[in-house]
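J.: Just one file: target_6.pdb, with PDB, C-alpha atoms.
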```
ATOM      1  CA  MET J   1     118.219-118.920 -34.886
ATOM      2  CA  SER J   2     115.716-121.308 -36.419
ATOM      3  CA  LYS J   3     115.538-121.466 -40.192
ATOM      4  CA  ALA J   4     111.938-122.664 -39.831
ATOM      5  CA  TYR J   5     110.857-119.054 -40.030
ATOM      6  CA  SER J   6     111.328-119.186 -43.788
ATOM      7  CA  ASN J   7     108.365-121.570 -44.045
ATOM      8  CA  LEU J   8     105.986-119.320 -42.167
ATOM      9  CA  PRO J   9     104.051-116.908 -44.407
ATOM     10  CA  PRO J  10     103.325-113.395 -43.113
ATOM     11  CA  GLN J  11      99.984-113.154 -41.361
ATOM     12  CA  ALA J  12      97.318-110.497 -41.588
ATOM     13  CA  PRO J  13      98.357-107.252 -39.882
ATOM     14  CA  THR J  14      96.949-106.357 -36.500
ATOM     15  CA  GLN J  15      95.028-103.113 -36.287
ATOM     16  CA  HIS J  16      95.844-100.380 -33.797
ATOM     17  CA  ASN J  17      94.232 -97.059 -33.014
ATOM     18  CA  SER J  18      94.499 -94.192 -30.535
ATOM     19  CA  TYR J  19      98.123 -94.992 -29.854
ATOM     20  CA  PRO J  20     100.738 -92.597 -28.351
ATOM     21  CA  GLN J  21     103.255 -91.152 -30.799
ATOM     22  CA  PRO J  22     106.874 -92.210 -30.187
ATOM     23  CA  SER J  23     109.424 -89.493 -29.519
ATOM     24  CA  HIS J  24     112.769 -89.373 -31.287
ATOM     25  CA  ASP J  25     115.197 -88.340 -28.585
ATOM     26  CA  SER J  26     118.319 -90.295 -27.787
ATOM     27  CA  MET J  27     117.237 -91.979 -24.541
ATOM     28  CA  PRO J  28     115.596 -95.418 -24.800
ATOM     29  CA  GLN J  29     112.249 -95.885 -23.098
ATOM     30  CA  MET J  30     109.738 -98.659 -22.852
ATOM     31  CA  HIS J  31     106.215 -97.705 -23.905
ATOM     32  CA  PRO J  32     102.999 -99.356 -22.676
ATOM     33  CA  PRO J  33     101.507-101.720 -25.247
ATOM     34  CA  HIS J  34      98.632-100.532 -27.376
ATOM     35  CA  THR J  35      95.602-102.789 -27.410
ATOM     36  CA  PRO J  36      92.560-102.562 -29.700
ATOM     37  CA  PRO J  37      89.037-102.459 -28.254
ATOM     38  CA  SER J  38      88.252-105.654 -26.328
ATOM     39  CA  ASN J  39      85.248-106.474 -28.503
ATOM     40  CA  GLY J  40      87.158-105.854 -31.753
ATOM     41  CA  TYR J  41      84.824-103.035 -32.827
ATOM     42  CA  HIS J  42      86.119-100.228 -35.034
ATOM     43  CA  PRO J  43      83.864 -97.362 -36.118
ATOM     44  CA  ALA J  44      83.058 -96.883 -39.775
ATOM     45  CA  GLN J  45      85.254 -94.365 -41.563
ATOM     46  CA  PHE J  46      83.517 -91.444 -43.254
ATOM     47  CA  GLY J  47      85.169 -90.622 -46.583
ATOM     48  CA  THR J  48      88.043 -92.409 -48.261
ATOM     49  CA  GLY J  49      90.732 -91.934 -45.600
ATOM     50  CA  ASN J  50      94.335 -92.658 -46.586
ATOM     51  CA  ALA J  51      93.303 -94.536 -49.705
ATOM     52  CA  GLY J  52      91.964 -91.407 -51.360
ATOM     53  CA  GLN J  53      94.998 -89.238 -50.652
ATOM     54  CA  ASP J  54      97.683 -88.330 -53.121
ATOM     55  CA  PRO J  55     100.834 -90.207 -51.981
ATOM     56  CA  VAL J  56     103.021 -87.196 -52.764
ATOM     57  CA  GLN J  57     100.956 -84.983 -50.467
ATOM     58  CA  PHE J  58     100.439 -87.691 -47.846
ATOM     59  CA  TYR J  59     104.119 -88.560 -47.387
ATOM     60  CA  ASP J  60     105.603 -85.154 -48.254
ATOM     61  CA  SER J  61     109.112 -85.456 -46.726
ATOM     62  CA  LEU J  62     109.725 -88.300 -44.279
ATOM     63  CA  ILE J  63     112.888 -86.678 -42.868
ATOM     64  CA  ASP J  64     113.180 -82.961 -42.116
ATOM     65  CA  GLN J  65     116.287 -80.795 -42.467
ATOM     66  CA  LEU J  66     117.348 -81.615 -38.902
ATOM     67  CA  GLY J  67     117.247 -85.338 -39.621
ATOM     68  CA  HIS J  68     114.068 -85.861 -37.587
ATOM     69  CA  PRO J  69     111.182 -88.090 -38.744
ATOM     70  CA  SER J  70     107.818 -86.780 -39.847
ATOM     71  CA  GLN J  71     104.663 -87.912 -38.058
ATOM     72  CA  VAL J  72     103.879 -90.140 -41.043
ATOM     73  CA  LEU J  73     107.247 -91.904 -40.720
ATOM     74  CA  CYS J  74     106.648 -92.335 -36.982
ATOM     75  CA  ARG J  75     103.381 -94.079 -37.812
ATOM     76  CA  MET J  76     105.032 -96.213 -40.499
ATOM     77  CA  SER J  77     107.686 -97.300 -38.017
ATOM     78  CA  ASP J  78     105.058 -98.086 -35.400
ATOM     79  CA  ALA J  79     102.938-100.017 -37.893
ATOM     80  CA  LEU J  80     105.887-102.241 -38.798
ATOM     81  CA  PHE J  81     106.846-102.594 -35.116
ATOM     82  CA  PHE J  82     103.312-103.688 -34.209
ATOM     83  CA  TYR J  83     103.176-106.116 -37.130
ATOM     84  CA  LEU J  84     106.481-107.835 -36.288
ATOM     85  CA  ASP J  85     105.672-107.980 -32.584
ATOM     86  CA  LYS J  86     102.267-109.534 -33.251
ATOM     87  CA  ASN J  87     103.082-111.945 -36.090
ATOM     88  CA  CYS J  88     106.596-113.282 -35.549
ATOM     89  CA  PRO J  89     106.246-116.799 -34.071
ATOM     90  CA  GLN J  90     108.945-116.186 -31.452
ATOM     91  CA  HIS J  91     108.554-113.689 -28.596
ATOM     92  CA  ARG J  92     105.082-112.750 -29.777
ATOM     93  CA  ASN J  93     103.629-109.641 -28.073
ATOM     94  CA  SER J  94     106.824-108.977 -26.112
ATOM     95  CA  GLN J  95     106.566-105.234 -26.942
ATOM     96  CA  VAL J  96     110.189-105.171 -28.175
ATOM     97  CA  ILE J  97     111.941-106.217 -31.388
ATOM     98  CA  GLU J  98     114.381-109.030 -30.721
ATOM     99  CA  PRO J  99     116.919-110.403 -33.234
ATOM    100  CA  GLU J 100     114.491-113.245 -33.988
ATOM    101  CA  LYS J 101     111.909-110.762 -35.261
ATOM    102  CA  ILE J 102     114.440-109.038 -37.488
ATOM    103  CA  PHE J 103     115.416-112.469 -38.835
ATOM    104  CA  TRP J 104     111.765-113.355 -39.503
ATOM    105  CA  HIS J 105     111.225-109.955 -41.105
ATOM    106  CA  SER J 106     114.171-110.531 -43.459
ATOM    107  CA  ILE J 107     113.047-114.059 -44.370
ATOM    108  CA  SER J 108     109.504-112.829 -45.020
ATOM    109  CA  LEU J 109     110.880-110.310 -47.520
ATOM    110  CA  GLY J 110     112.599-113.110 -49.447
ATOM    111  CA  HIS J 111     116.178-112.854 -48.204
ATOM    112  CA  GLU J 112     118.298-115.988 -47.861
ATOM    113  CA  ALA J 113     118.519-117.556 -44.415
ATOM    114  CA  ASP J 114     122.308-117.256 -44.068
ATOM    115  CA  VAL J 115     122.202-113.608 -45.142
ATOM    116  CA  SER J 116     119.495-112.912 -42.578
ATOM    117  CA  GLU J 117     121.525-114.786 -39.976
ATOM    118  CA  ALA J 118     124.595-112.672 -40.716
ATOM    119  CA  VAL J 119     122.526-109.537 -40.154
ATOM    120  CA  VAL J 120     121.124-110.524 -36.776
ATOM    121  CA  GLN J 121     124.456-111.832 -35.524
ATOM    122  CA  ASN J 122     125.965-108.390 -36.052
ATOM    123  CA  LEU J 123     123.184-106.142 -34.735
ATOM    124  CA  SER J 124     125.084-104.728 -31.760
ATOM    125  CA  ALA J 125     127.929-103.823 -34.120
ATOM    126  CA  LEU J 126     125.424-101.588 -35.944
ATOM    127  CA  TYR J 127     123.393-100.270 -33.025
ATOM    128  CA  ASP J 128     126.403 -98.911 -31.137
ATOM    129  CA  PRO J 129     128.090 -96.747 -33.828
ATOM    130  CA  ALA J 130     124.705 -95.730 -35.263
ATOM    131  CA  VAL J 131     123.611 -94.567 -31.781
ATOM    132  CA  ILE J 132     120.472 -96.707 -31.862
ATOM    133  CA  PRO J 133     119.032 -96.870 -28.313
ATOM    134  CA  TYR J 134     118.653-100.504 -27.295
ATOM    135  CA  SER J 135     118.723-102.731 -24.253
ATOM    136  CA  LEU J 136     119.766-106.316 -23.575
ATOM    137  CA  ASN J 137     117.231-108.969 -22.678
ATOM    138  CA  SER J 138     117.797-111.901 -20.323
ATOM    139  CA  ALA J 139     119.610-113.758 -23.117
ATOM    140  CA  ARG J 140     121.966-110.759 -23.562
ATOM    141  CA  ALA J 141     120.510-110.133 -27.027
ATOM    142  CA  PRO J 142     119.990-106.523 -28.211
ATOM    143  CA  VAL J 143     116.315-105.521 -28.318
ATOM    144  CA  LEU J 144     114.540-102.383 -29.496
ATOM    145  CA  ASP J 145     111.481-100.694 -28.063
ATOM    146  CA  ARG J 146     109.342 -98.433 -30.246
ATOM    147  CA  ARG J 147     111.714 -95.489 -29.896
ATOM    148  CA  GLY J 148     114.743 -97.629 -30.671
ATOM    149  CA  TYR J 149     113.032 -99.088 -33.721
ATOM    150  CA  LEU J 150     112.132 -95.605 -34.921
ATOM    151  CA  HIS J 151     115.795 -94.596 -34.541
ATOM    152  CA  LEU J 152     116.777 -97.604 -36.664
ATOM    153  CA  CYS J 153     114.283 -96.653 -39.391
ATOM    154  CA  VAL J 154     115.488 -93.054 -39.415
ATOM    155  CA  PHE J 155     119.144 -94.127 -39.498
ATOM    156  CA  GLU J 156     118.575 -96.446 -42.457
ATOM    157  CA  ILE J 157     116.682 -93.827 -44.440
ATOM    158  CA  ARG J 158     119.311 -91.139 -43.825
ATOM    159  CA  ALA J 159     122.223 -93.498 -44.506
ATOM    160  CA  ASN J 160     120.748 -95.289 -47.509
ATOM    161  CA  PRO J 161     117.727 -93.461 -48.976
ATOM    162  CA  GLU J 162     118.091 -94.923 -52.461
ATOM    163  CA  GLU J 163     117.643 -98.484 -51.180
ATOM    164  CA  CYS J 164     115.081 -97.593 -48.518
ATOM    165  CA  HIS J 165     112.645 -96.256 -51.103
ATOM    166  CA  PRO J 166     111.922 -99.654 -52.769
ATOM    167  CA  TYR J 167     112.384-101.351 -49.395
ATOM    168  CA  TRP J 168     109.490 -99.479 -47.768
ATOM    169  CA  ASN J 169     107.267 -99.920 -50.804
ATOM    170  CA  LYS J 170     107.965-103.663 -50.641
ATOM    171  CA  ILE J 171     107.053-103.707 -46.943
ATOM    172  CA  LEU J 172     103.726-101.978 -47.567
ATOM    173  CA  ASN J 173     102.909-104.321 -50.457
ATOM    174  CA  ILE J 174     103.819-107.559 -48.656
ATOM    175  CA  PHE J 175     102.707-106.847 -45.096
ATOM    176  CA  LYS J 176      99.726-104.632 -45.997
ATOM    177  CA  LEU J 177     100.479-102.347 -43.060
ATOM    178  CA  LEU J 178      97.679-100.211 -41.671
ATOM    179  CA  ASP J 179      98.151 -96.651 -40.509
ATOM    180  CA  PRO J 180      97.741 -97.005 -36.712
ATOM    181  CA  LEU J 181      96.114 -93.565 -36.569
ATOM    182  CA  THR J 182      93.304 -94.374 -39.021
ATOM    183  CA  ASN J 183      93.331 -98.202 -39.302
ATOM    184  CA  LEU J 184      93.465 -97.720 -43.091
ATOM    185  CA  PRO J 185      96.179 -98.865 -45.505
ATOM    186  CA  PHE J 186      99.042 -96.494 -46.176
ATOM    187  CA  PRO J 187      98.797 -94.994 -49.688
ATOM    188  CA  THR J 188     101.037 -96.632 -52.253
ATOM    189  CA  PRO J 189     103.421 -96.237 -53.844
ATOM    190  CA  ILE J 190     105.584 -94.043 -51.641
ATOM    191  CA  PRO J 191     107.188 -91.492 -53.992
ATOM    192  CA  ARG J 192     110.977 -91.205 -54.210
ATOM    193  CA  THR J 193     110.647 -87.524 -53.279
ATOM    194  CA  ALA J 194     109.583 -88.542 -49.755
ATOM    195  CA  PHE J 195     113.130 -89.753 -49.055
ATOM    196  CA  PRO J 196     116.309 -87.678 -48.844
ATOM    197  CA  PHE J 197     117.905 -87.145 -52.222
ATOM    198  CA  TYR J 198     121.428 -87.857 -50.915
ATOM    199  CA  PRO J 199     122.630 -90.025 -48.011
ATOM    200  CA  ASN J 200     124.132 -88.413 -44.951
ATOM    201  CA  PRO J 201     127.876 -89.059 -45.509
ATOM    202  CA  ASP J 202     128.713 -89.705 -41.845
ATOM    203  CA  LEU J 203     125.869 -92.178 -41.396
ATOM    204  CA  LYS J 204     126.701 -93.763 -44.730
ATOM    205  CA  ARG J 205     130.245 -94.488 -43.590
ATOM    206  CA  VAL J 206     128.943 -96.090 -40.398
ATOM    207  CA  PHE J 207     126.512 -98.228 -42.365
ATOM    208  CA  VAL J 208     128.999 -99.374 -45.019
ATOM    209  CA  ALA J 209     131.648-100.201 -42.401
ATOM    210  CA  TRP J 210     129.111-102.384 -40.596
ATOM    211  CA  GLN J 211     127.939-103.976 -43.832
ATOM    212  CA  THR J 212     131.511-104.789 -44.849
ATOM    213  CA  ASN J 213     132.115-106.640 -41.575
ATOM    214  CA  ALA J 214     128.831-108.504 -42.008
ATOM    215  CA  VAL J 215     129.773-109.506 -45.581
ATOM    216  CA  VAL J 216     133.118-110.885 -44.384
ATOM    217  CA  HIS J 217     131.311-112.758 -41.612
ATOM    218  CA  LEU J 218     128.889-114.202 -44.168
ATOM    219  CA  ALA J 219     131.722-115.197 -46.532
ATOM    220  CA  HIS J 220     133.497-117.011 -43.709
ATOM    221  CA  GLN J 221     130.330-118.944 -42.828
ATOM    222  CA  ARG J 222     129.674-119.923 -46.432
ATOM    223  CA  THR J 223     133.284-121.013 -46.957
ATOM    224  CA  GLN J 224     133.178-123.176 -43.834
ATOM    225  CA  ALA J 225     129.924-124.742 -45.018
ATOM    226  CA  GLN J 226     131.553-125.541 -48.369
ATOM    227  CA  ILE J 227     134.535-127.099 -46.585
ATOM    228  CA  ASN J 228     132.235-129.310 -44.535
ATOM    229  CA  GLN J 229     130.219-130.396 -47.588
ATOM    230  CA  ILE J 230     133.265-131.353 -49.666
ATOM    231  CA  SER J 231     134.905-133.066 -46.713
ATOM    232  CA  ALA J 232     131.827-135.190 -46.100
ATOM    233  CA  ALA J 233     131.201-135.972 -49.783
ATOM    234  CA  TYR J 234     134.762-137.081 -50.582
ATOM    235  CA  HIS J 235     135.788-138.405 -47.162
ATOM    236  CA  VAL J 236     138.547-135.840 -46.899
ATOM    237  CA  PRO J 237     139.756-134.934 -43.384
ATOM    238  CA  ASN J 238     138.354-131.559 -42.453
ATOM    239  CA  PRO J 239     141.743-130.114 -41.353
ATOM    240  CA  ALA J 240     143.108-130.747 -44.851
ATOM    241  CA  MET J 241     140.165-128.940 -46.394
ATOM    242  CA  ASN J 242     140.551-126.065 -43.973
ATOM    243  CA  MET J 243     144.203-125.749 -44.898
ATOM    244  CA  GLY J 244     143.252-125.401 -48.552
ATOM    245  CA  LEU J 245     139.959-123.561 -48.875
ATOM    246  CA  SER J 246     140.200-121.422 -45.737
ATOM    247  CA  THR J 247     143.606-120.060 -46.653
ATOM    248  CA  TYR J 248     142.373-119.355 -50.155
ATOM    249  CA  ALA J 249     139.235-117.605 -48.922
ATOM    250  CA  LEU J 250     141.140-115.470 -46.429
ATOM    251  CA  GLY J 251     143.559-114.458 -49.153
ATOM    252  CA  GLN J 252     140.649-113.428 -51.356
ATOM    253  CA  LEU J 253     138.842-111.492 -48.627
ATOM    254  CA  GLY J 254     142.046-109.730 -47.714
ATOM    255  CA  GLY J 255     142.377-108.452 -51.261
ATOM    256  CA  GLN J 256     145.652-110.371 -51.790
ATOM    257  CA  GLY J 257     144.432-112.618 -54.601
ATOM    258  CA  GLN J 258     144.734-116.387 -54.738
ATOM    259  CA  THR J 259     147.414-117.898 -52.506
ATOM    260  CA  PRO J 260     149.321-120.584 -54.459
ATOM    261  CA  LEU J 261     150.340-122.236 -51.196
ATOM    262  CA  ALA J 262     146.707-123.013 -50.484
ATOM    263  CA  THR J 263     146.300-125.322 -53.492
ATOM    264  CA  SER J 264     149.695-126.998 -53.211
ATOM    265  CA  SER J 265     149.266-127.590 -49.475
ATOM    266  CA  TYR J 266     145.881-129.154 -49.971
ATOM    267  CA  LEU J 267     147.109-131.428 -52.792
ATOM    268  CA  SER J 268     150.030-132.567 -50.630
ATOM    269  CA  GLN J 269     147.586-133.634 -47.953
ATOM    270  CA  MET J 270     145.447-135.381 -50.548
ATOM    271  CA  HIS J 271     148.455-137.342 -51.814
ATOM    272  CA  LEU J 272     148.878-138.846 -48.363
ATOM    273  CA  GLN J 273     145.330-140.230 -48.279
ATOM    274  CA  GLN J 274     145.622-143.878 -49.326
ATOM    275  CA  SER J 275     141.870-144.261 -49.700
ATOM    276  CA  THR J 276     141.595-141.584 -52.380
ATOM    277  CA  THR J 277     142.113-142.788 -55.946
ATOM    278  CA  SER J 278     143.461-140.628 -58.754
ATOM    279  CA  VAL J 279     139.939-140.339 -60.191
ATOM    280  CA  GLN J 280     138.593-139.132 -56.860
ATOM    281  CA  SER J 281     141.449-136.652 -56.625
ATOM    282  CA  LEU J 282     140.504-135.192 -59.980
ATOM    283  CA  GLU J 283     136.855-134.929 -58.912
ATOM    284  CA  VAL J 284     137.845-133.212 -55.689
ATOM    285  CA  MET J 285     140.087-130.767 -57.561
ATOM    286  CA  GLN J 286     137.233-129.937 -59.925
ATOM    287  CA  LYS J 287     134.878-129.459 -57.005
ATOM    288  CA  ILE J 288     137.374-127.179 -55.270
ATOM    289  CA  GLU J 289     137.686-125.055 -58.390
ATOM    290  CA  GLU J 290     133.888-124.640 -58.454
ATOM    291  CA  GLU J 291     133.831-123.653 -54.795
ATOM    292  CA  LYS J 292     136.721-121.243 -55.352
ATOM    293  CA  LYS J 293     134.660-119.428 -57.960
ATOM    294  CA  LYS J 294     131.740-119.133 -55.531
ATOM    295  CA  THR J 295     134.034-117.887 -52.777
ATOM    296  CA  ALA J 296     135.629-115.416 -55.177
ATOM    297  CA  MET J 297     132.181-114.034 -56.006
ATOM    298  CA  ILE J 298     131.433-113.540 -52.307
ATOM    299  CA  SER J 299     134.809-111.909 -51.691
ATOM    300  CA  ALA J 300     134.315-109.698 -54.730
ATOM    301  CA  GLY J 301     131.135-108.417 -53.120
ATOM    302  CA  ALA J 302     133.091-107.639 -49.967
ATOM    303  CA  SER J 303     135.736-105.826 -52.016
ATOM    304  CA  ILE J 304     133.072-103.769 -53.775
ATOM    305  CA  VAL J 305     131.487-102.749 -50.480
ATOM    306  CA  THR J 306     134.914-101.884 -49.094
ATOM    307  CA  SER J 307     135.737 -99.721 -52.108
ATOM    308  CA  LEU J 308     132.454 -97.880 -51.688
ATOM    309  CA  MET J 309     133.218 -96.860 -48.118
ATOM    310  CA  GLY J 310     135.070 -93.751 -49.156
ATOM    311  CA  ALA J 311     132.701 -92.956 -52.012
ATOM    312  CA  GLY J 312     129.413 -92.980 -50.164
ATOM    313  CA  GLY J 313     128.102 -96.202 -51.765
ATOM    314  CA  GLY J 314     126.647 -99.318 -50.247
ATOM    315  CA  GLY J 315     123.569-101.481 -50.013
ATOM    316  CA  GLY J 316     120.486-102.005 -47.891
ATOM    317  CA  PHE J 317     120.003-103.293 -44.363
ATOM    318  CA  GLY J 318     119.483-106.883 -45.478
ATOM    319  CA  PHE J 319     122.106-106.909 -48.244
ATOM    320  CA  GLY J 320     119.473-105.861 -50.748
ATOM    321  CA  ASN J 321     115.790-105.057 -50.495
TER     322      ASN J 321
END
```
As C-alpha cells - that is how I would like this structure written.

T.:
Amino acid sequence: MSKAYSNLPPQAPTQHNSYPQPSHDSMPQMHPPHTPPSNGYHPAQFGTGNAGQDPVQFYDSLIDQLGHPSQVLCRMSDALFFYLDKNCPQHRNSQVIEPEKIFWHSISLGHEADVSEAVVQNLSALYDPAVIPYSLNSARAPVLDRRGYLHLCVFEIRANPEECHPYWNKILNIFKLLDPLTNLPFPTPIPRTAFPFYPNPDLKRVFVAWQTNAVVHLAHQRTQAQINQISAAYHVPNPAMNMGLSTYALGQLGGQGQTPLATSSYLSQMHLQQSTTSVQSLEVMQKIEEEKKKTAMISAGASIVTSLMGAGGGGGFGFGN
C-alpha cells in the first residue's frame, strides 16, 4: 500500500443525479455506474434545496428501530462511495471500494499511515463477523459495491454511534459531499439525535474484538520498526534486538508486564559485541528505555480496548475520527 496517498489532497466531489437507491438486504450485488449528463449540464435549482433545511428535520433518524438505514443515510453512503471511487488515485472509477480507497480515505481524514495500513490489512477480519457483503477482486483483496459499502456504514453507526457522529460531520466538512438526489450540499452539522443513542451490544462486541486484533497488529509493526531503527543506528545485530524488544513487547501486549529476561538477554548479547564500547552500550540502553515507553503506551491502548470489550466501549473505524 503506497504511503504516497498522504501527499494527495482530496479533490472536488463529483456530482451525481437520478441515481438508483441501494437496497439493504444481505446479498451483495453489483450496480451499474451512475454517470452525469454528457455535456455536464445541471438544471438550476428553484428554492434553497438542502441548504435551507433544518438539519434536525432533514436527517431525522438515520437508523430505524429495525436497524435499517433511512433514505438520507443511503444517499450519504452513496455520496461517499462516489467520491472515493472518483477521487482516489488508485482504481479510479472501478465502481467498487478496494482497500486502497479505504486507505486513501483514512489518510485524507488525517490518520497516520501505519494506522491506516493496519485497518486495511484487517478488513476481511471485520467484514466476515460483521456480515458485510463483499467480494474478492483478481488480487484476492476484499472489495465492496454500493450495497456492501452501505452495510459497512450501517454497521459502524449501530456499533459505534458516539464516534460516528463527529466522523460523519468531519467527512461532510472535508469532502464537501453533495446529495446525489439534489446535487446540493448536505446540511451541516448533522445533529447527535440522528444517530442511535446507544450502540447495539452484539455489533459493539464484534467491532471491539476486531479493533483489538488490529491494535495488536499495529503494535507488532511499530515494535519491529523500532527494532530495525535501533539495530541500524547502533550496528546491533537484528536477532539480538528481536530477542530483547520483541519479547518485552509481547509480554506487554499479553498483559503480563515487563519480562526481566528480555533486558538481561539483550544485554548479554550486547556484551559479546566487541565493536560496541561501554559508552555506546549506555546510549543503546537509554534508547531501549525510550522505545519501551512508546511500546508500553501502544500496549496500554490495546489493554484498554480489551477491557472495554465486555463493557460496550471502543473507538472508531480508523482508531479515532

J.: Return as CSV the residues of region 115-214 of chain J lying at most 8 Å from region 55-77 of chain J, together with the closest atom-to-atom pair for each and the distance in Å to one decimal, counting only C-alpha atoms, with rows in chain order and ascending residue number.

T.:
```
residue,atom,partner,partner_atom,distance
J:Tyr149,CA,J:Ser77,CA,7.1
J:Leu150,CA,J:Ser77,CA,5.7
J:Cys153,CA,J:Ser77,CA,6.8
J:Val154,CA,J:Pro69,CA,6.6
J:Arg158,CA,J:Gly67,CA,7.5
J:Asp179,CA,J:Arg75,CA,6.4
J:Pro180,CA,J:Arg75,CA,6.4
J:Leu181,CA,J:Arg75,CA,7.4
J:Pro187,CA,J:Pro55,CA,5.7
J:Thr188,CA,J:Pro55,CA,6.4
J:Pro189,CA,J:Pro55,CA,6.8
J:Ile190,CA,J:Pro55,CA,6.1
J:Pro191,CA,J:Val56,CA,6.1
J:Thr193,CA,J:Ser61,CA,7.0
J:Ala194,CA,J:Ser61,CA,4.3
J:Phe195,CA,J:Leu62,CA,6.0
J:Pro196,CA,J:Ile63,CA,7.0
```

J.: Excluding Ala141 (chain J) and residues on its chain fewer than 5 positions from it, collect all residues at most 9 Å away from it, counting only C-alpha atoms, and give them as an MDAnalysis selection string.

T.: chainID J and resid 98:99 124 135:136

J.: Of the candidates J:Gln95, J:Asn137, J:Asn173, J:Gln224, which shows the shortest atom-to-atom distance to Phe186 (chain J), using only C-alpha atoms?

T.: J:Asn173

J.: Calculate how many Å separate CA of Ala219 (chain J) from CA of Phe207 (chain J), rounding to one decimal.

T.: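 Going from CA of Ala219 (chain J) over to CA of Phe207 (chain J) covers 18.2 Å.
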
J.: Take CA of Asp85 (chain J) and CA of Val215 (chain J) and report the distance between them in Å, one decimal.

T.: 27.4 Å

J.: Using CA of Arg92 (chain J) and CA of Trp104 (chain J) as the two end points, give the distance in Å to one decimal.

T.: 11.8 Å

J.: So which residues get picked by the PyMOL selection byres ((chain J and resi 156) around 12) here, written as a ChimeraX atom specification?

T.: /J:63,67,69,77,126-127,130-132,149-155,157-165,167-168,195-196,199-200,203-208,314-318

J.: Pick the closest to Arg147 (chain J) from J:Phe81, J:Trp210, J:Phe175, J:Tyr198: which is it, counting only C-alpha atoms?

T.: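 Between J:Phe81, J:Trp210, J:Phe175, J:Tyr198, the residue approaching Arg147 (chain J) most closely is J:Phe81.
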
J.: Please write the residues picked by the PyMOL selection byres ((chain J and resi 177) around 10) on this file as a PDB file with C-alpha atoms, keeping the file's coordinate frame.

T.:
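The resulting file, selection.pdb, is shown below:
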```
ATOM      1  CA  ALA J  12      97.318-110.497 -41.588  1.00  0.00           C
ATOM      2  CA  PRO J  13      98.357-107.252 -39.882  1.00  0.00           C
ATOM      3  CA  THR J  14      96.949-106.357 -36.500  1.00  0.00           C
ATOM      4  CA  GLN J  15      95.028-103.113 -36.287  1.00  0.00           C
ATOM      5  CA  MET J  76     105.032 -96.213 -40.499  1.00  0.00           C
ATOM      6  CA  ASP J  78     105.058 -98.086 -35.400  1.00  0.00           C
ATOM      7  CA  ALA J  79     102.938-100.017 -37.893  1.00  0.00           C
ATOM      8  CA  LEU J  80     105.887-102.241 -38.798  1.00  0.00           C
ATOM      9  CA  PHE J  82     103.312-103.688 -34.209  1.00  0.00           C
ATOM     10  CA  TYR J  83     103.176-106.116 -37.130  1.00  0.00           C
ATOM     11  CA  ILE J 171     107.053-103.707 -46.943  1.00  0.00           C
ATOM     12  CA  LEU J 172     103.726-101.978 -47.567  1.00  0.00           C
ATOM     13  CA  ASN J 173     102.909-104.321 -50.457  1.00  0.00           C
ATOM     14  CA  ILE J 174     103.819-107.559 -48.656  1.00  0.00           C
ATOM     15  CA  PHE J 175     102.707-106.847 -45.096  1.00  0.00           C
ATOM     16  CA  LYS J 176      99.726-104.632 -45.997  1.00  0.00           C
ATOM     17  CA  LEU J 178      97.679-100.211 -41.671  1.00  0.00           C
ATOM     18  CA  ASP J 179      98.151 -96.651 -40.509  1.00  0.00           C
ATOM     19  CA  PRO J 180      97.741 -97.005 -36.712  1.00  0.00           C
ATOM     20  CA  ASN J 183      93.331 -98.202 -39.302  1.00  0.00           C
ATOM     21  CA  LEU J 184      93.465 -97.720 -43.091  1.00  0.00           C
ATOM     22  CA  PRO J 185      96.179 -98.865 -45.505  1.00  0.00           C
ATOM     23  CA  PHE J 186      99.042 -96.494 -46.176  1.00  0.00           C
TER      24      PHE J 186
END
```

J.: Tell me which of J:Gly148, J:Pro129, J:Pro166, J:Pro89 sits closest to Leu109 (chain J), counting only C-alpha atoms.

T.: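 Under the stated criterion, the closest residue is J:Pro166.
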
J.: Starting from the point (126.1, -112.0, -43.1), work out which residues of protein, DNA or RNA have an atom no more than 9 Å away when counting only C-alpha atoms; state them as a list in words.

T.: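 Residues satisfying the cut-off, written out: Asp114, Val115, Ser116, Glu117, Ala118, Val119, Val120, Gln121, Asn122, Gln211, Asn213, Ala214, Val215, Val216, His217, Leu218, Ala219, His220, Gln221, Gly318 and Phe319 of chain J.
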